[in-house]
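Chemist: Pasting model-v1.pdb here (PDB, C-alpha atoms):
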ATOM      1  CA  GLN A1477     -24.396   7.334  -8.605
ATOM      2  CA  VAL A1478     -25.255   6.367  -5.047
ATOM      3  CA  GLN A1479     -25.847   9.076  -2.479
ATOM      4  CA  LEU A1480     -26.664   8.698   1.198
ATOM      5  CA  VAL A1481     -28.309  11.568   3.024
ATOM      6  CA  GLU A1482     -28.591  11.738   6.805
ATOM      7  CA  SER A1483     -30.967  13.897   8.804
ATOM      8  CA  GLY A1484     -32.143  14.309  12.355
ATOM      9  CA  GLY A1485     -29.059  15.601  14.095
ATOM     10  CA  GLY A1486     -29.096  18.584  16.389
ATOM     11  CA  LEU A1487     -28.509  19.948  19.854
ATOM     12  CA  VAL A1488     -30.068  18.159  22.795
ATOM     13  CA  GLN A1489     -29.626  18.160  26.544
ATOM     14  CA  ALA A1490     -28.166  15.174  28.327
ATOM     15  CA  GLY A1491     -30.845  12.559  28.886
ATOM     16  CA  GLY A1492     -32.700  13.564  25.760
ATOM     17  CA  SER A1493     -33.384  11.692  22.545
ATOM     18  CA  LEU A1494     -32.803  12.082  18.840
ATOM     19  CA  ARG A1495     -33.722   9.968  15.831
ATOM     20  CA  LEU A1496     -31.374   9.915  12.883
ATOM     21  CA  SER A1497     -32.528   8.910   9.423
ATOM     22  CA  CYS A1498     -30.539   7.906   6.376
ATOM     23  CA  GLY A1499     -31.830   7.370   2.872
ATOM     24  CA  ALA A1500     -30.010   6.127  -0.186
ATOM     25  CA  SER A1501     -30.599   7.168  -3.772
ATOM     26  CA  GLY A1502     -29.217   5.511  -6.868
ATOM     27  CA  THR A1503     -28.668   1.847  -7.547
ATOM     28  CA  ILE A1504     -27.077  -0.387  -4.951
ATOM     29  CA  PHE A1505     -26.884  -3.806  -6.522
ATOM     30  CA  SER A1506     -26.335  -5.937  -3.468
ATOM     31  CA  ILE A1507     -26.990  -4.158  -0.198
ATOM     32  CA  ASN A1508     -25.199  -5.875   2.651
ATOM     33  CA  ASP A1509     -24.741  -4.392   6.085
ATOM     34  CA  ARG A1510     -26.060  -0.917   6.834
ATOM     35  CA  GLY A1511     -24.755   1.010   9.751
ATOM     36  CA  TRP A1512     -24.049   4.133  11.693
ATOM     37  CA  TYR A1513     -20.610   5.425  12.645
ATOM     38  CA  ARG A1514     -19.533   8.503  14.540
ATOM     39  CA  GLN A1515     -16.481  10.687  14.727
ATOM     40  CA  ALA A1516     -15.685  13.202  17.419
ATOM     41  CA  PRO A1517     -13.142  15.981  16.780
ATOM     42  CA  GLY A1518      -9.599  14.660  16.890
ATOM     43  CA  LYS A1519     -10.739  11.040  17.118
ATOM     44  CA  GLN A1520     -11.138   8.173  14.694
ATOM     45  CA  ARG A1521     -14.433   7.180  13.145
ATOM     46  CA  ASP A1522     -15.989   4.394  15.208
ATOM     47  CA  LEU A1523     -18.797   1.950  14.675
ATOM     48  CA  VAL A1524     -22.021   2.761  16.533
ATOM     49  CA  ALA A1525     -24.466   0.161  15.197
ATOM     50  CA  ILE A1526     -24.924  -2.194  12.269
ATOM     51  CA  ILE A1527     -27.918  -4.075  10.921
ATOM     52  CA  THR A1528     -27.455  -7.038   8.600
ATOM     53  CA  PRO A1529     -29.728  -7.999   5.702
ATOM     54  CA  GLY A1530     -31.190 -10.666   7.959
ATOM     55  CA  GLY A1531     -32.017  -8.106  10.618
ATOM     56  CA  SER A1532     -29.306  -8.906  13.132
ATOM     57  CA  GLU A1533     -28.082  -5.914  15.075
ATOM     58  CA  LYS A1534     -24.682  -5.142  16.529
ATOM     59  CA  TYR A1535     -23.856  -2.226  18.817
ATOM     60  CA  ALA A1536     -20.822  -0.589  20.284
ATOM     61  CA  ASP A1537     -20.632  -1.310  24.005
ATOM     62  CA  SER A1538     -20.927   2.388  24.783
ATOM     63  CA  VAL A1539     -24.412   2.640  23.250
ATOM     64  CA  LYS A1540     -25.953  -0.738  24.090
ATOM     65  CA  GLY A1541     -29.320  -0.342  25.748
ATOM     66  CA  ARG A1542     -29.592   3.303  24.693
ATOM     67  CA  PHE A1543     -29.445   3.275  20.876
ATOM     68  CA  THR A1544     -31.519   1.204  18.462
ATOM     69  CA  ILE A1545     -30.863   0.721  14.768
ATOM     70  CA  SER A1546     -33.813  -0.107  12.533
ATOM     71  CA  THR A1547     -34.973  -0.196   8.946
ATOM     72  CA  ASP A1548     -38.247  -0.362   7.048
ATOM     73  CA  ASN A1549     -36.856  -0.250   3.531
ATOM     74  CA  PRO A1550     -33.672  -1.594   1.928
ATOM     75  CA  LYS A1551     -32.571   1.967   1.217
ATOM     76  CA  LYS A1552     -33.316   3.439   4.621
ATOM     77  CA  VAL A1553     -31.821   3.040   8.041
ATOM     78  CA  TYR A1554     -32.589   4.791  11.307
ATOM     79  CA  LEU A1555     -30.870   5.295  14.630
ATOM     80  CA  GLN A1556     -32.987   5.995  17.699
ATOM     81  CA  MET A1557     -30.782   7.518  20.376
ATOM     82  CA  ASN A1558     -32.108   7.712  23.926
ATOM     83  CA  SER A1559     -30.536   8.754  27.213
ATOM     84  CA  LEU A1560     -27.978  10.785  25.343
ATOM     85  CA  LYS A1561     -24.743  11.718  27.084
ATOM     86  CA  PRO A1562     -22.259  14.519  26.365
ATOM     87  CA  GLU A1563     -19.779  11.870  25.221
ATOM     88  CA  ASP A1564     -22.187  10.971  22.404
ATOM     89  CA  THR A1565     -21.381  14.315  20.795
ATOM     90  CA  ALA A1566     -19.969  13.644  17.333
ATOM     91  CA  THR A1567     -20.675  13.733  13.635
ATOM     92  CA  TYR A1568     -22.758  10.691  12.770
ATOM     93  CA  TYR A1569     -22.399   8.986   9.400
ATOM     94  CA  CYS A1570     -24.509   6.289   7.813
ATOM     95  CA  ALA A1571     -22.886   3.677   5.615
ATOM     96  CA  PHE A1572     -24.201   1.051   3.208
ATOM     97  CA  SER A1573     -22.015  -1.766   1.968
ATOM     98  CA  ASP A1574     -22.503  -3.079  -1.562
ATOM     99  CA  LEU A1575     -21.192  -6.618  -2.035
ATOM    100  CA  SER A1576     -21.355  -6.525  -5.822
ATOM    101  CA  ALA A1577     -19.460  -3.274  -6.112
ATOM    102  CA  HIS A1578     -17.082  -4.170  -3.275
ATOM    103  CA  THR A1579     -17.523  -0.731  -1.841
ATOM    104  CA  ILE A1580     -18.996   1.162   1.098
ATOM    105  CA  TYR A1581     -21.062   4.247   0.510
ATOM    106  CA  TRP A1582     -20.994   7.026   3.115
ATOM    107  CA  GLY A1583     -23.296   9.891   3.888
ATOM    108  CA  GLN A1584     -22.057  13.415   4.450
ATOM    109  CA  GLY A1585     -22.664  13.255   8.193
ATOM    110  CA  THR A1586     -25.027  14.908  10.625
ATOM    111  CA  GLN A1587     -23.900  16.661  13.789
ATOM    112  CA  VAL A1588     -25.179  15.538  17.166
ATOM    113  CA  THR A1589     -24.331  17.729  20.139
ATOM    114  CA  VAL A1590     -25.327  16.758  23.660
ATOM    115  CA  SER A1591     -25.056  19.460  26.303
ATOM    116  CA  SER A1592     -24.527  18.703  29.971
TER     117      SER A1592
END
Reformat the file's structure so that it appears as structure tokens.

Modeler:
Amino acid sequence: QVQLVESGGGLVQAGGSLRLSCGASGTIFSINDRGWYRQAPGKQRDLVAIITPGGSEKYADSVKGRFTISTDNPKKVYLQMNSLKPEDTATYYCAFSDLSAHTIYWGQGTQVTVSS
């Protein structure tokens, strides 16, 4: 059984930084894209950043130049968040896609709150 666990969320003042981490346990047969999504109260879950197996990165326009996705292990992914804004406040979820299983695994989410 695959489980993803996020950590690193918290409360930070505007302009501050946080680093989110996500680790996967269990067997993922064919890891494809790994990414971060976020969901604010009353809103849909949106893509923040994705990293492909080849290392290509894709970002939402709202975070370009401020957030960086990275990895040092097939079962880990990180999100460095700088120059945080109140509008970045949301629950952040990591997600791993498994091509062989045709499924996406999600973490339980970590709360990020940015105060003005």

Chemist: Point out the residue among A:Thr1544, A:Gln1479, A:Ser1573, A:Ser1506 with the least atom-to-atom distance to Gln1556 in chain A, counting all atoms listed in the file.

Modeler: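 Between A:Thr1544, A:Gln1479, A:Ser1573, A:Ser1506, the residue approaching Gln1556 in chain A most closely is A:Thr1544.
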
Chemist: Please return the centre and edge lengths, in Å to one decimal, of a box with edges along x, y and z that contains all listed atoms of range 1559-1567 of chain A, widened by 8 Å on every side, as AutoDock Vina command-line options.

Modeler:
--center_x -25.2 --center_y 11.6 --center_z 20.4 --size_x 26.8 --size_y 21.8 --size_z 29.6

Chemist: What would the selection look like, as a PyMOL selection string, if the PyMOL selection byres ((chain A and resi 1557) around 6) were run on the coordinates I just shared?

Modeler: chain A and resi 1493-1495+1543+1556+1558

Chemist: Can you tell me how far CA of Lys1540 in chain A sits from CA of Asp1564 in chain A, in Å to one decimal?

Modeler: 12.4 Å

Chemist: Would you write out, as a VMD selection string, every residue that the PyMOL selection byres ((chain A and resi 1545-1550) around 10) captures in this file?

Modeler: chain A and resid 1495 to 1500 1504 1507 to 1508 1510 to 1512 1524 to 1527 1529 1531 to 1535 1543 to 1544 1551 to 1557 1572

Chemist: Produce a file of the selected residues containing C-alpha atoms, as a CSV table (one decimal), in the coordinates of the input.

Modeler:
chain,number,residue,atom,x,y,z
A,1495,ARG,CA,-33.7,10.0,15.8
A,1496,LEU,CA,-31.4,9.9,12.9
A,1497,SER,CA,-32.5,8.9,9.4
A,1498,CYS,CA,-30.5,7.9,6.4
A,1499,GLY,CA,-31.8,7.4,2.9
A,1500,ALA,CA,-30.0,6.1,-0.2
A,1504,ILE,CA,-27.1,-0.4,-5.0
A,1507,ILE,CA,-27.0,-4.2,-0.2
A,1508,ASN,CA,-25.2,-5.9,2.7
A,1510,ARG,CA,-26.1,-0.9,6.8
A,1511,GLY,CA,-24.8,1.0,9.8
A,1512,TRP,CA,-24.0,4.1,11.7
A,1524,VAL,CA,-22.0,2.8,16.5
A,1525,ALA,CA,-24.5,0.2,15.2
A,1526,ILE,CA,-24.9,-2.2,12.3
A,1527,ILE,CA,-27.9,-4.1,10.9
A,1529,PRO,CA,-29.7,-8.0,5.7
A,1531,GLY,CA,-32.0,-8.1,10.6
A,1532,SER,CA,-29.3,-8.9,13.1
A,1533,GLU,CA,-28.1,-5.9,15.1
A,1534,LYS,CA,-24.7,-5.1,16.5
A,1535,TYR,CA,-23.9,-2.2,18.8
A,1543,PHE,CA,-29.4,3.3,20.9
A,1544,THR,CA,-31.5,1.2,18.5
A,1551,LYS,CA,-32.6,2.0,1.2
A,1552,LYS,CA,-33.3,3.4,4.6
A,1553,VAL,CA,-31.8,3.0,8.0
A,1554,TYR,CA,-32.6,4.8,11.3
A,1555,LEU,CA,-30.9,5.3,14.6
A,1556,GLN,CA,-33.0,6.0,17.7
A,1557,MET,CA,-30.8,7.5,20.4
A,1572,PHE,CA,-24.2,1.1,3.2

Chemist: Given the choices A:Leu1560, A:Val1539, A:Val1488, A:Ala1571, which gets closest to Gly1583 in chain A if the distance is worked out from all atoms listed in the file?

Modeler: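 Counting all atoms listed in the file, the residue closest to Gly1583 in chain A is A:Ala1571.
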
Chemist: Which residues, named as in the file, does the PyMOL selection byres ((chain A and resi 1576) around 7) pick out? Answer as a PDB file with C-alpha atoms, in the coordinates of the input.

Modeler:
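Final output, saved to result02.pdb:
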ATOM      1  CA  PHE A1505     -26.884  -3.806  -6.522  1.00  0.00           C
ATOM      2  CA  SER A1506     -26.335  -5.937  -3.468  1.00  0.00           C
ATOM      3  CA  ASP A1574     -22.503  -3.079  -1.562  1.00  0.00           C
ATOM      4  CA  LEU A1575     -21.192  -6.618  -2.035  1.00  0.00           C
ATOM      5  CA  ALA A1577     -19.460  -3.274  -6.112  1.00  0.00           C
ATOM      6  CA  HIS A1578     -17.082  -4.170  -3.275  1.00  0.00           C
TER       7      HIS A1578
END

Chemist: Expressed in Å to a single decimal, how great is the separation between CA of Glu1482 in chain A and CA of Asp1537 in chain A?

Modeler: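 CA of Asp1537 in chain A lies at a distance of 23.0 Å from CA of Glu1482 in chain A.
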
Chemist: Which of these, A:Val1478, A:Lys1561, A:Gly1492, A:Leu1487, has the shortest distance to Thr1589 in chain A once you count all atoms listed in the file?

Modeler: A:Leu1487

Chemist: What separation in Å, quoted to one decimal, exists between CA of Ala1516 in chain A and CA of Pro1562 in chain A?

Modeler: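 About the pair CA of Ala1516 in chain A and CA of Pro1562 in chain A: they are 11.2 Å apart.
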
Chemist: Quick one: residues within 9 Å of Ala1566 in chain A, all atoms listed in the file, excluding same-chain residues fewer than 5 positions away - as an MDAnalysis selection string?

Modeler: chainID A and resid 1514:1517 1586:1590

Chemist: Counting only C-alpha atoms, which residues sit no farther than 7 Å from the position (-22.6, 7.7, 7.9) in the file's frame? I'd like them as a PyMOL selection string.

Modeler: chain A and resi 1512-1513+1568-1571+1582-1585

Chemist: Reconstruct range 1525-1546 of chain A at the level of N, CA and C atoms, and format the result as a tab-separated table (two decimals), in the coordinates of the input.

Modeler:
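So out28.tsv came out as:
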chain	number	residue	atom	x	y	z
A	1525	ALA	N	-23.50	1.26	15.32
A	1525	ALA	CA	-24.47	0.16	15.20
A	1525	ALA	C	-24.51	-0.30	13.75
A	1526	ILE	N	-24.79	-1.59	13.60
A	1526	ILE	CA	-24.92	-2.19	12.27
A	1526	ILE	C	-26.15	-3.08	12.26
A	1527	ILE	N	-26.83	-3.13	11.11
A	1527	ILE	CA	-27.92	-4.08	10.92
A	1527	ILE	C	-27.63	-4.86	9.64
A	1528	THR	N	-27.75	-6.18	9.74
A	1528	THR	CA	-27.46	-7.04	8.60
A	1528	THR	C	-28.70	-7.21	7.74
A	1529	PRO	N	-28.54	-7.76	6.53
A	1529	PRO	CA	-29.73	-8.00	5.70
A	1529	PRO	C	-30.75	-8.91	6.38
A	1530	GLY	N	-30.28	-9.78	7.24
A	1530	GLY	CA	-31.19	-10.67	7.96
A	1530	GLY	C	-31.82	-10.04	9.18
A	1531	GLY	N	-31.42	-8.81	9.49
A	1531	GLY	CA	-32.02	-8.11	10.62
A	1531	GLY	C	-31.25	-8.21	11.93
A	1532	SER	N	-30.10	-8.86	11.91
A	1532	SER	CA	-29.31	-8.91	13.13
A	1532	SER	C	-28.69	-7.55	13.40
A	1533	GLU	N	-28.60	-7.21	14.68
A	1533	GLU	CA	-28.08	-5.91	15.08
A	1533	GLU	C	-26.82	-6.08	15.92
A	1534	LYS	N	-25.90	-5.16	15.74
A	1534	LYS	CA	-24.68	-5.14	16.53
A	1534	LYS	C	-24.44	-3.71	16.98
A	1535	TYR	N	-24.05	-3.55	18.26
A	1535	TYR	CA	-23.86	-2.23	18.82
A	1535	TYR	C	-22.49	-2.10	19.48
A	1536	ALA	N	-21.98	-0.89	19.47
A	1536	ALA	CA	-20.82	-0.59	20.28
A	1536	ALA	C	-21.23	-0.70	21.75
A	1537	ASP	N	-20.31	-1.14	22.58
A	1537	ASP	CA	-20.63	-1.31	24.00
A	1537	ASP	C	-21.13	-0.01	24.63
A	1538	SER	N	-20.60	1.10	24.17
A	1538	SER	CA	-20.93	2.39	24.78
A	1538	SER	C	-22.36	2.83	24.53
A	1539	VAL	N	-23.05	2.22	23.57
A	1539	VAL	CA	-24.41	2.64	23.25
A	1539	VAL	C	-25.45	1.55	23.49
A	1540	LYS	N	-25.02	0.36	23.87
A	1540	LYS	CA	-25.95	-0.74	24.09
A	1540	LYS	C	-26.99	-0.35	25.14
A	1541	GLY	N	-28.24	-0.65	24.82
A	1541	GLY	CA	-29.32	-0.34	25.75
A	1541	GLY	C	-29.85	1.07	25.62
A	1542	ARG	N	-29.15	1.91	24.88
A	1542	ARG	CA	-29.59	3.30	24.69
A	1542	ARG	C	-29.95	3.61	23.24
A	1543	PHE	N	-29.23	3.01	22.30
A	1543	PHE	CA	-29.44	3.28	20.88
A	1543	PHE	C	-30.07	2.05	20.23
A	1544	THR	N	-30.90	2.29	19.21
A	1544	THR	CA	-31.52	1.20	18.46
A	1544	THR	C	-31.46	1.52	16.97
A	1545	ILE	N	-30.90	0.58	16.22
A	1545	ILE	CA	-30.86	0.72	14.77
A	1545	ILE	C	-32.06	-0.02	14.19
A	1546	SER	N	-32.65	0.53	13.14
A	1546	SER	CA	-33.81	-0.11	12.53
A	1546	SER	C	-33.89	0.26	11.06
